[in-house]
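Pasting final_27.txt here (compact mmCIF, N, CA and C atoms):
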```txt
# COMPACT_ATOMS: atom_id res chain seq x y z
N MET A 812 143.61 138.55 147.78
CA MET A 812 144.37 139.47 148.59
C MET A 812 145.35 138.65 149.41
N SER A 813 146.59 139.02 149.40
CA SER A 813 147.61 138.23 150.06
C SER A 813 147.56 138.34 151.58
N GLN A 814 147.18 139.48 152.10
CA GLN A 814 147.14 139.65 153.55
C GLN A 814 145.79 140.26 153.91
N LEU A 815 145.02 139.56 154.70
CA LEU A 815 143.70 140.05 155.08
C LEU A 815 143.80 140.88 156.35
N PHE A 816 143.05 141.97 156.37
CA PHE A 816 142.92 142.77 157.57
C PHE A 816 141.82 142.18 158.43
N SER A 817 141.94 142.31 159.74
CA SER A 817 140.79 141.99 160.57
C SER A 817 139.75 143.08 160.30
N GLU A 818 138.52 142.79 160.63
CA GLU A 818 137.45 143.77 160.41
C GLU A 818 137.74 145.06 161.17
N GLU A 819 138.22 144.95 162.39
CA GLU A 819 138.54 146.12 163.20
C GLU A 819 139.67 146.95 162.57
N THR A 820 140.71 146.28 162.14
CA THR A 820 141.83 146.97 161.50
C THR A 820 141.38 147.65 160.22
N HIS A 821 140.56 146.96 159.45
CA HIS A 821 140.04 147.55 158.21
C HIS A 821 139.24 148.82 158.50
N ARG A 822 138.34 148.77 159.46
CA ARG A 822 137.52 149.94 159.81
C ARG A 822 138.39 151.09 160.34
N ASN A 823 139.38 150.76 161.15
CA ASN A 823 140.29 151.80 161.66
C ASN A 823 141.06 152.45 160.52
N MET A 824 141.53 151.64 159.58
CA MET A 824 142.26 152.16 158.43
C MET A 824 141.37 153.08 157.61
N LEU A 825 140.13 152.64 157.35
CA LEU A 825 139.20 153.47 156.57
C LEU A 825 138.92 154.80 157.26
N SER A 826 138.81 154.77 158.57
CA SER A 826 138.50 156.01 159.30
C SER A 826 139.64 157.03 159.22
N ARG A 827 140.87 156.56 159.02
CA ARG A 827 142.03 157.47 158.93
C ARG A 827 142.29 157.99 157.52
N ILE A 828 141.76 157.33 156.52
CA ILE A 828 142.07 157.71 155.14
C ILE A 828 141.68 159.15 154.80
N PRO A 829 140.49 159.63 155.18
CA PRO A 829 140.16 161.02 154.82
C PRO A 829 141.14 162.05 155.36
N GLN A 830 141.57 161.89 156.60
CA GLN A 830 142.50 162.88 157.15
C GLN A 830 143.91 162.73 156.56
N CYS A 831 144.27 161.54 156.15
CA CYS A 831 145.60 161.31 155.56
C CYS A 831 145.66 161.71 154.09
N THR A 832 144.55 161.58 153.39
CA THR A 832 144.56 161.82 151.94
C THR A 832 143.82 163.09 151.52
N GLY A 833 142.97 163.61 152.40
CA GLY A 833 142.19 164.78 152.05
C GLY A 833 140.95 164.46 151.21
N ARG A 834 140.66 163.18 151.04
CA ARG A 834 139.49 162.76 150.26
C ARG A 834 138.70 161.73 151.05
N GLU A 835 137.38 161.80 150.92
CA GLU A 835 136.50 160.86 151.60
C GLU A 835 136.56 159.48 150.95
N ILE A 836 136.17 158.46 151.70
CA ILE A 836 136.16 157.10 151.17
C ILE A 836 135.27 157.01 149.93
N SER A 837 134.13 157.66 149.96
CA SER A 837 133.22 157.61 148.80
C SER A 837 133.90 158.12 147.54
N GLU A 838 134.75 159.13 147.66
CA GLU A 838 135.49 159.64 146.51
C GLU A 838 136.49 158.61 146.01
N TRP A 839 137.18 157.94 146.94
CA TRP A 839 138.15 156.92 146.55
C TRP A 839 137.46 155.74 145.88
N LEU A 840 136.30 155.35 146.41
CA LEU A 840 135.56 154.24 145.80
C LEU A 840 135.12 154.60 144.38
N ARG A 841 134.69 155.82 144.19
CA ARG A 841 134.32 156.30 142.85
C ARG A 841 135.54 156.31 141.93
N THR A 842 136.69 156.69 142.47
CA THR A 842 137.93 156.69 141.69
C THR A 842 138.27 155.29 141.20
N VAL A 843 138.15 154.31 142.09
CA VAL A 843 138.42 152.92 141.70
C VAL A 843 137.41 152.47 140.65
N ASP A 844 136.14 152.80 140.86
CA ASP A 844 135.09 152.40 139.93
C ASP A 844 135.29 153.00 138.54
N GLU A 845 135.75 154.22 138.50
CA GLU A 845 135.93 154.92 137.22
C GLU A 845 137.32 154.71 136.62
N GLY A 846 138.19 154.05 137.36
CA GLY A 846 139.56 153.82 136.90
C GLY A 846 139.64 152.67 135.91
N PRO A 847 140.84 152.27 135.59
CA PRO A 847 141.05 151.16 134.65
C PRO A 847 140.37 149.88 135.14
N ALA A 848 139.95 149.06 134.21
CA ALA A 848 139.21 147.83 134.51
C ALA A 848 140.16 146.69 134.86
N PHE A 849 140.84 146.82 135.98
CA PHE A 849 141.70 145.75 136.45
C PHE A 849 140.85 144.66 137.10
N PHE A 850 141.25 143.42 136.94
CA PHE A 850 140.53 142.31 137.55
C PHE A 850 141.15 141.88 138.87
N ARG A 851 142.44 142.00 138.97
CA ARG A 851 143.15 141.51 140.16
C ARG A 851 143.26 142.59 141.23
N PHE A 852 143.14 142.15 142.46
CA PHE A 852 143.23 143.03 143.63
C PHE A 852 144.53 143.82 143.61
N ASP A 853 145.66 143.12 143.43
CA ASP A 853 146.96 143.77 143.50
C ASP A 853 147.18 144.76 142.36
N GLU A 854 146.54 144.55 141.23
CA GLU A 854 146.64 145.53 140.13
C GLU A 854 145.94 146.83 140.51
N LYS A 855 144.78 146.72 141.14
CA LYS A 855 144.06 147.92 141.60
C LYS A 855 144.88 148.67 142.65
N VAL A 856 145.45 147.92 143.58
CA VAL A 856 146.27 148.52 144.64
C VAL A 856 147.47 149.24 144.02
N SER A 857 148.16 148.58 143.12
CA SER A 857 149.33 149.19 142.47
C SER A 857 148.95 150.44 141.69
N TRP A 858 147.81 150.40 141.02
CA TRP A 858 147.35 151.57 140.26
C TRP A 858 147.08 152.75 141.21
N LEU A 859 146.36 152.50 142.30
CA LEU A 859 146.09 153.58 143.26
C LEU A 859 147.39 154.15 143.83
N ARG A 860 148.32 153.27 144.15
CA ARG A 860 149.60 153.73 144.71
C ARG A 860 150.35 154.59 143.71
N GLY A 861 150.43 154.13 142.47
CA GLY A 861 151.20 154.84 141.46
C GLY A 861 150.53 156.10 140.96
N GLU A 862 149.25 155.99 140.68
CA GLU A 862 148.51 157.11 140.08
C GLU A 862 148.16 158.19 141.10
N HIS A 863 147.90 157.78 142.34
CA HIS A 863 147.41 158.72 143.35
C HIS A 863 148.34 158.85 144.56
N ASN A 864 149.51 158.21 144.47
CA ASN A 864 150.54 158.34 145.50
C ASN A 864 150.02 157.96 146.90
N LEU A 865 149.25 156.89 146.97
CA LEU A 865 148.73 156.43 148.25
C LEU A 865 149.71 155.46 148.91
N ALA A 866 149.65 155.41 150.22
CA ALA A 866 150.40 154.41 150.97
C ALA A 866 149.81 153.03 150.66
N HIS A 867 150.64 152.00 150.75
CA HIS A 867 150.21 150.65 150.42
C HIS A 867 149.00 150.22 151.26
N GLY A 868 149.04 150.46 152.55
CA GLY A 868 147.93 150.08 153.44
C GLY A 868 146.64 150.79 153.10
N HIS A 869 146.73 152.07 152.78
CA HIS A 869 145.53 152.82 152.41
C HIS A 869 144.95 152.30 151.10
N ALA A 870 145.80 152.05 150.13
CA ALA A 870 145.33 151.53 148.84
C ALA A 870 144.67 150.17 149.02
N LYS A 871 145.26 149.30 149.84
CA LYS A 871 144.68 147.98 150.09
C LYS A 871 143.31 148.11 150.76
N ALA A 872 143.21 149.00 151.73
CA ALA A 872 141.94 149.18 152.44
C ALA A 872 140.86 149.70 151.50
N ILE A 873 141.20 150.63 150.62
CA ILE A 873 140.23 151.18 149.68
C ILE A 873 139.75 150.09 148.71
N VAL A 874 140.67 149.33 148.16
CA VAL A 874 140.29 148.29 147.21
C VAL A 874 139.49 147.19 147.91
N HIS A 875 139.89 146.85 149.12
CA HIS A 875 139.14 145.84 149.88
C HIS A 875 137.71 146.31 150.11
N GLU A 876 137.54 147.56 150.53
CA GLU A 876 136.20 148.12 150.76
C GLU A 876 135.41 148.16 149.46
N TYR A 877 136.06 148.54 148.37
CA TYR A 877 135.40 148.55 147.06
C TYR A 877 134.89 147.15 146.72
N ASP A 878 135.73 146.15 146.90
CA ASP A 878 135.34 144.78 146.60
C ASP A 878 134.22 144.29 147.52
N LEU A 879 134.27 144.64 148.80
CA LEU A 879 133.20 144.26 149.73
C LEU A 879 131.87 144.86 149.31
N ARG A 880 131.89 146.14 149.00
CA ARG A 880 130.63 146.82 148.62
C ARG A 880 130.12 146.31 147.28
N ARG A 881 131.02 146.05 146.39
CA ARG A 881 130.61 145.53 145.08
C ARG A 881 129.97 144.15 145.24
N ALA A 882 130.57 143.32 146.06
CA ALA A 882 130.04 141.97 146.31
C ALA A 882 128.67 142.04 146.99
N ALA A 883 128.49 143.03 147.84
CA ALA A 883 127.21 143.18 148.55
C ALA A 883 126.21 143.99 147.72
N ARG A 884 126.65 144.45 146.56
CA ARG A 884 125.82 145.25 145.64
C ARG A 884 125.29 146.51 146.31
N LYS A 885 126.13 147.09 147.20
CA LYS A 885 125.79 148.35 147.86
C LYS A 885 126.45 149.53 147.16
N PHE A 886 127.31 149.25 146.22
CA PHE A 886 128.11 150.29 145.58
C PHE A 886 127.33 151.02 144.53
```

Could I get this structure in the form of C-alpha cells?
Amino acid sequence: MSQLFSEETHRNMLSRIPQCTGREISEWLRTVDEGPAFFRFDEKVSWLRGEHNLAHGHAKAIVHEYDLRRAARKF
C-alpha cells in the first residue's frame, strides 16, 4: 500500500463507509472476498472504485481492512 492510514484514521474511515455507501463493512468485505482474485492491493482498490463507484479513500480502507482480517484469520 503506497500510503498507510493511521489506525485512528482507518477506524474513522470505516465508521463512515456505511452511511456513505449504504452498505455495511461486512458486505464490502464479502464483496472483495467474492470478487476477482487480484493479488495486489492497488488492483483490488481499482476494481472496487470502477465496479462499485467507490471513492478512492473508501476503497483503500475496505481493502486494508480485508487484508488485516485475512492476515489475522478473522475473516

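Atom C of Glu876 in chain A is positioned 13.8 Å from atom N of Leu859 in chain A.
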
Hey, which of A:His821, A:Arg834, A:Arg827, A:Arg860 ends up closest to Ala872 in chain A? Count only N, CA and C atoms.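 The closest residue to Ala872 in chain A is A:His821.
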
Go through chain A and collect every residue that DSSP, computed from the backbone, puts in helix (DSSP H, G or I); the answer should be as an NGL selection string. :A and (818-832 or 836-845 or 852-863 or 867-883)

Show me, as a PyMOL selection string, the residues that have an atom within 8 Å of Val874 in chain A when counting only C-alpha atoms, minus same-chain residues fewer than 3 positions from it. chain A and resi 840+843+852+855-856+870-871+877-878

Fewer than 5 positions away in the same chain doesn't count, so skip those; otherwise give me all residues within 8 Å of Ile836 in chain A, counting all atoms listed in the file, as a list in words.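 That gives Leu825, Ile828, Pro829, Arg841, Thr842 and Ile873 of chain A.
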
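Taking CA of Phe850 in chain A and CA of Arg881 in chain A as endpoints, the distance between them is 12.9 Å.
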
So the first atom is CA of Gly846 in chain A and the second is atom C of Glu819 in chain A; what is the distance between them in Å, to one decimal place? 26.6 Å

Give the centre and edge lengths of an axis-aligned box, in Å to one decimal, that holds all listed atoms of range 860-871 of chain A with 8 Å on each side, as lines of an AutoDock Vina configuration file.
```
center_x = 147.3
center_y = 153.4
center_z = 146.8
size_x = 23.9
size_y = 26.9
size_z = 29.4
```

Pull C-alpha atoms for chain A from the block and write them as a tab-separated table (two decimals), in the first residue's frame.
```tsv
chain	number	residue	atom	x	y	z
A	812	MET	CA	0.00	0.00	0.00
A	813	SER	CA	1.52	3.28	-1.03
A	814	GLN	CA	0.01	5.42	1.72
A	815	LEU	CA	-0.74	3.99	5.14
A	816	PHE	CA	-3.57	5.30	7.27
A	817	SER	CA	-3.04	5.76	10.97
A	818	GLU	CA	-5.14	3.32	12.99
A	819	GLU	CA	-7.42	6.17	14.10
A	820	THR	CA	-7.91	7.45	10.55
A	821	HIS	CA	-8.61	3.93	9.33
A	822	ARG	CA	-11.26	3.34	12.03
A	823	ASN	CA	-12.87	6.73	11.34
A	824	MET	CA	-12.99	5.97	7.62
A	825	LEU	CA	-14.56	2.55	8.24
A	826	SER	CA	-17.20	4.07	10.51
A	827	ARG	CA	-18.30	6.47	7.73
A	828	ILE	CA	-18.48	3.91	4.92
A	829	PRO	CA	-21.95	2.51	5.73
A	830	GLN	CA	-23.61	5.93	5.69
A	831	CYS	CA	-21.72	6.98	2.55
A	832	THR	CA	-22.28	3.78	0.58
A	833	GLY	CA	-25.46	2.32	2.04
A	834	ARG	CA	-23.68	-0.99	2.73
A	835	GLU	CA	-22.11	-2.36	5.90
A	836	ILE	CA	-18.39	-3.13	6.10
A	837	SER	CA	-19.14	-6.85	6.33
A	838	GLU	CA	-20.91	-6.66	2.96
A	839	TRP	CA	-17.94	-4.86	1.39
A	840	LEU	CA	-15.52	-7.41	2.82
A	841	ARG	CA	-17.65	-10.21	1.36
A	842	THR	CA	-17.67	-8.36	-1.99
A	843	VAL	CA	-13.86	-8.22	-2.01
A	844	ASP	CA	-13.64	-11.89	-1.00
A	845	GLU	CA	-16.03	-12.98	-3.74
A	846	GLY	CA	-14.57	-10.63	-6.35
A	847	PRO	CA	-11.75	-11.25	-8.80
A	848	ALA	CA	-8.62	-12.88	-7.39
A	849	PHE	CA	-6.33	-9.87	-7.51
A	850	PHE	CA	-3.04	-10.18	-5.65
A	851	ARG	CA	-2.02	-6.54	-5.47
A	852	PHE	CA	-3.59	-4.01	-3.12
A	853	ASP	CA	-3.96	-1.35	-5.80
A	854	GLU	CA	-5.68	-3.78	-8.17
A	855	LYS	CA	-8.34	-4.51	-5.54
A	856	VAL	CA	-8.77	-0.78	-4.87
A	857	SER	CA	-9.11	-0.01	-8.59
A	858	TRP	CA	-11.63	-2.81	-9.03
A	859	LEU	CA	-13.80	-1.55	-6.15
A	860	ARG	CA	-13.62	2.00	-7.49
A	861	GLY	CA	-14.53	1.01	-11.04
A	862	GLU	CA	-17.02	-1.75	-10.38
A	863	HIS	CA	-18.79	-0.21	-7.38
A	864	ASN	CA	-18.14	3.51	-7.91
A	865	LEU	CA	-16.45	3.96	-4.53
A	866	ALA	CA	-14.32	6.91	-3.53
A	867	HIS	CA	-10.59	6.17	-3.51
A	868	GLY	CA	-10.29	6.55	0.28
A	869	HIS	CA	-13.23	4.26	0.96
A	870	ALA	CA	-11.92	1.60	-1.41
A	871	LYS	CA	-8.47	1.76	0.23
A	872	ALA	CA	-9.96	1.46	3.71
A	873	ILE	CA	-12.08	-1.55	2.70
A	874	VAL	CA	-9.15	-3.37	1.09
A	875	HIS	CA	-6.88	-2.53	4.01
A	876	GLU	CA	-9.44	-3.92	6.47
A	877	TYR	CA	-9.89	-7.01	4.29
A	878	ASP	CA	-6.13	-7.60	4.29
A	879	LEU	CA	-5.88	-7.04	8.06
A	880	ARG	CA	-8.65	-9.51	8.80
A	881	ARG	CA	-7.32	-12.03	6.34
A	882	ALA	CA	-3.86	-11.82	7.90
A	883	ALA	CA	-5.37	-12.26	11.36
A	884	ARG	CA	-7.52	-15.14	10.03
A	885	LYS	CA	-10.64	-13.46	11.43
A	886	PHE	CA	-12.31	-13.21	8.04
```
